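For reference, the structure discussed in these notes is given below.
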Amino acid sequence: MSLDTQVFTITRADLVRYAEASGDHNPIHQDESVAVGVGLPGVIAHGMYTMALAARAVSAWFPDAEVVSFGCKFTNPVVVPADGGVDIEVAGEVKSAEDGLTTVALTVTCDGVKVLGMPRAVLREAALRG
Amino acid sequence: MPVDQSLVGRVFPPTRPYVVSEEKIRTFVESTGGGYAGGPAPATFPIVLAFEAMNAFLEAESIDLFRIVHGEQKFAYERPVLPGDVLTATLTVATLRQIAGNDIIGTTSEITDGSGALVCSTSATLVHRGADG
């Protein structure tokens, strides 16, 4: 079963707010010269920012479910321009649903390139809890 | 400087108790463009604890945060994080490899509540980019 693809936009201002909220003040998410200095293509989004967007999509699809596990690799950086923003698309597919657990495989892309590797969430439906 | 191999297996001291509040959850949710009307924290919220534990580990080992790039993150939840929880994270260095001048550091963090019960265990792979990388 395919789920409705969700689209989110990330701006530099979002990264500043996320740094404050999460405590992750790594300057590669704020400062172009530091990012380029360590070999990155520019200021990149926190991997955990993109993962949080993936989690938002999962909770939009399954508002009453409890997340049992959630994981991914960060395979490609999400470069966030100084002006405007960058769009992240989160697609999902239910891979299995058994014993009250639903496994959702996600596909998270930026400009058509996968940015998360094997993003996957396992959910426990609220009605089946306990 | 490569990271010291003897770190593997090292358990770092628990982070100071962190009181989860609706306000902290709301700030986190809104920073990723979402809305919050109370209730459990979103799935990636425990990163706040895991990140604090990682920061303490990096500082203890004099590793520069700006040379770290996130490679992988996994969470396994015993239960959702709720407002009122008092959480601490305890980080263990699980694995350490050197590839192409980079250190690949595998960590696990156990996040426990005020009663000592496990709430979430999370593992992270951190890529420490070498100075010549």
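Chain labels run A, B, ... following the order of the structure tokens; each chain numbers its residues from 1, and ligands are numbered from 1 in the order shown.
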### Query
chain B residues within 7 Å of chain A, counting only C-alpha atoms: which ones, as JSON, numbers by chain?
{"B": [27, 28, 31, 32, 43, 44, 48, 51, 65, 66, 67, 70, 71, 72, 73, 74, 75, 76, 77]}
Pull C-alpha atoms from the residues just selected and write them as a PDB file, in the first residue's frame.
ATOM      1  CA  THR B  27       9.839  24.118  20.569  1.00  0.00           C
ATOM      2  CA  PHE B  28      11.295  20.967  18.988  1.00  0.00           C
ATOM      3  CA  SER B  31      11.452  23.968  14.690  1.00  0.00           C
ATOM      4  CA  THR B  32      10.700  21.248  12.136  1.00  0.00           C
ATOM      5  CA  ALA B  43       9.904   9.953  17.360  1.00  0.00           C
ATOM      6  CA  THR B  44      13.187  11.843  16.930  1.00  0.00           C
ATOM      7  CA  VAL B  48      18.125  15.851  22.336  1.00  0.00           C
ATOM      8  CA  PHE B  51      23.141  14.576  21.366  1.00  0.00           C
ATOM      9  CA  LEU B  65      32.115  18.797  16.486  1.00  0.00           C
ATOM     10  CA  PHE B  66      32.537  20.577  13.144  1.00  0.00           C
ATOM     11  CA  ARG B  67      34.457  17.555  11.830  1.00  0.00           C
ATOM     12  CA  HIS B  70      26.071  11.958  11.000  1.00  0.00           C
ATOM     13  CA  GLY B  71      26.200   8.562   9.271  1.00  0.00           C
ATOM     14  CA  GLU B  72      23.295   6.624  10.717  1.00  0.00           C
ATOM     15  CA  GLN B  73      20.737   6.839  13.512  1.00  0.00           C
ATOM     16  CA  LYS B  74      18.395   4.183  14.880  1.00  0.00           C
ATOM     17  CA  PHE B  75      15.888   4.357  17.697  1.00  0.00           C
ATOM     18  CA  ALA B  76      14.158   1.485  19.485  1.00  0.00           C
ATOM     19  CA  TYR B  77      11.430   2.649  21.829  1.00  0.00           C
TER      20      TYR B  77
END
### Message
Give me, as a PyMOL selection string, all polymer residues having an atom no more than 10 Å from Val94 (chain A), counting only C-alpha atoms and skipping those fewer than 5 positions away in the same chain.
### Response
chain A and resi 1-3+102-106+120-122
### Task
Quick one: pick out all helix (DSSP H, G or I) residues within chain A from a backbone DSSP run and write them as JSON, numbers by chain.
{"A": [12, 13, 14, 15, 16, 17, 18, 19, 20, 21, 22, 27, 28, 29, 32, 33, 34, 35, 36, 37, 47, 48, 49, 50, 51, 52, 53, 54, 55, 56, 57, 58, 59, 60, 61, 126, 127, 128]}
### Message
So, with only C-alpha atoms as the atoms that count, which of B:Pro2, B:Lys24, B:Leu7, B:Thr107 lies closest to Ala131 (chain B)?
### Response
B:Pro2
### Message
Could you list, as a PyMOL selection string, every residue within 12 Å of region 93-99 of chain B, counting only C-alpha atoms and ignoring same-chain residues fewer than 2 positions away?
### Response
chain B and resi 1-13+53-54+57-58+61+90-91+101-110+122-130+133
### Task
From a DSSP calculation on the backbone, collect every residue of region 50-95 of chain B in strand (DSSP E) and output the set as a ChimeraX atom specification.
/B:68-77,86-95
Keeping only C-alpha atoms, write those residues as a PDB file, in the first residue's frame.
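Output saved as again13.pdb:
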ATOM      1  CA  ILE B  68      31.562  15.225  12.656  1.00  0.00           C
ATOM      2  CA  VAL B  69      28.973  14.209  10.077  1.00  0.00           C
ATOM      3  CA  HIS B  70      26.071  11.958  11.000  1.00  0.00           C
ATOM      4  CA  GLY B  71      26.200   8.562   9.271  1.00  0.00           C
ATOM      5  CA  GLU B  72      23.295   6.624  10.717  1.00  0.00           C
ATOM      6  CA  GLN B  73      20.737   6.839  13.512  1.00  0.00           C
ATOM      7  CA  LYS B  74      18.395   4.183  14.880  1.00  0.00           C
ATOM      8  CA  PHE B  75      15.888   4.357  17.697  1.00  0.00           C
ATOM      9  CA  ALA B  76      14.158   1.485  19.485  1.00  0.00           C
ATOM     10  CA  TYR B  77      11.430   2.649  21.829  1.00  0.00           C
ATOM     11  CA  VAL B  86      13.007  13.004  33.735  1.00  0.00           C
ATOM     12  CA  LEU B  87      15.496  11.432  31.350  1.00  0.00           C
ATOM     13  CA  THR B  88      19.207  10.708  31.292  1.00  0.00           C
ATOM     14  CA  ALA B  89      21.322   9.249  28.490  1.00  0.00           C
ATOM     15  CA  THR B  90      24.298   6.952  28.960  1.00  0.00           C
ATOM     16  CA  LEU B  91      26.599   6.639  25.965  1.00  0.00           C
ATOM     17  CA  THR B  92      28.829   3.679  25.124  1.00  0.00           C
ATOM     18  CA  VAL B  93      31.416   3.686  22.333  1.00  0.00           C
ATOM     19  CA  ALA B  94      30.530   0.451  20.538  1.00  0.00           C
ATOM     20  CA  THR B  95      32.773   0.381  17.484  1.00  0.00           C
TER      21      THR B  95
END
### Message
Quick check, in Å to one decimal: how far apart do CA of Ser33 (chain A) and CA of Phe45 (chain B) lie?
### Response
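Here the two named atoms are 29.0 Å from each other.
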### Task
May I ask which of the residues A:Val36, A:Val108, A:Val7, A:Ile44 is the closest one to Gly92 (chain A), counting only C-alpha atoms?
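Looking only at the distances to Gly92 (chain A), the closest residue turns out to be A:Val108.
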### Message
Just want the 9 Å neighbourhood of Ala82 (chain A), counted on only C-alpha atoms, with same-chain residues fewer than 4 positions away dropped. Output as an MDAnalysis selection string.
### Response
chainID A and resid 11:12 32 43
### Task
For Asp111 (chain A), please output as a list of chain:residue names all residues within 10 Å (counting only C-alpha atoms; exclusion window: fewer than 6 positions along the same chain).
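Skipping anything fewer than 6 positions along the chain leaves A:Val78, A:Val86, A:Asp87, A:Ile88, A:Glu89.
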Selected residues written out with C-alpha atoms, as a PDB file, in the first residue's frame:
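What ended up in out30.pdb:
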ATOM      1  CA  VAL A  78      20.784  18.063   1.917  1.00  0.00           C
ATOM      2  CA  VAL A  86      15.040  23.205  -0.520  1.00  0.00           C
ATOM      3  CA  ASP A  87      12.204  20.706  -0.843  1.00  0.00           C
ATOM      4  CA  ILE A  88      12.259  17.263   0.705  1.00  0.00           C
ATOM      5  CA  GLU A  89       9.823  14.619  -0.544  1.00  0.00           C
TER       6      GLU A  89
END
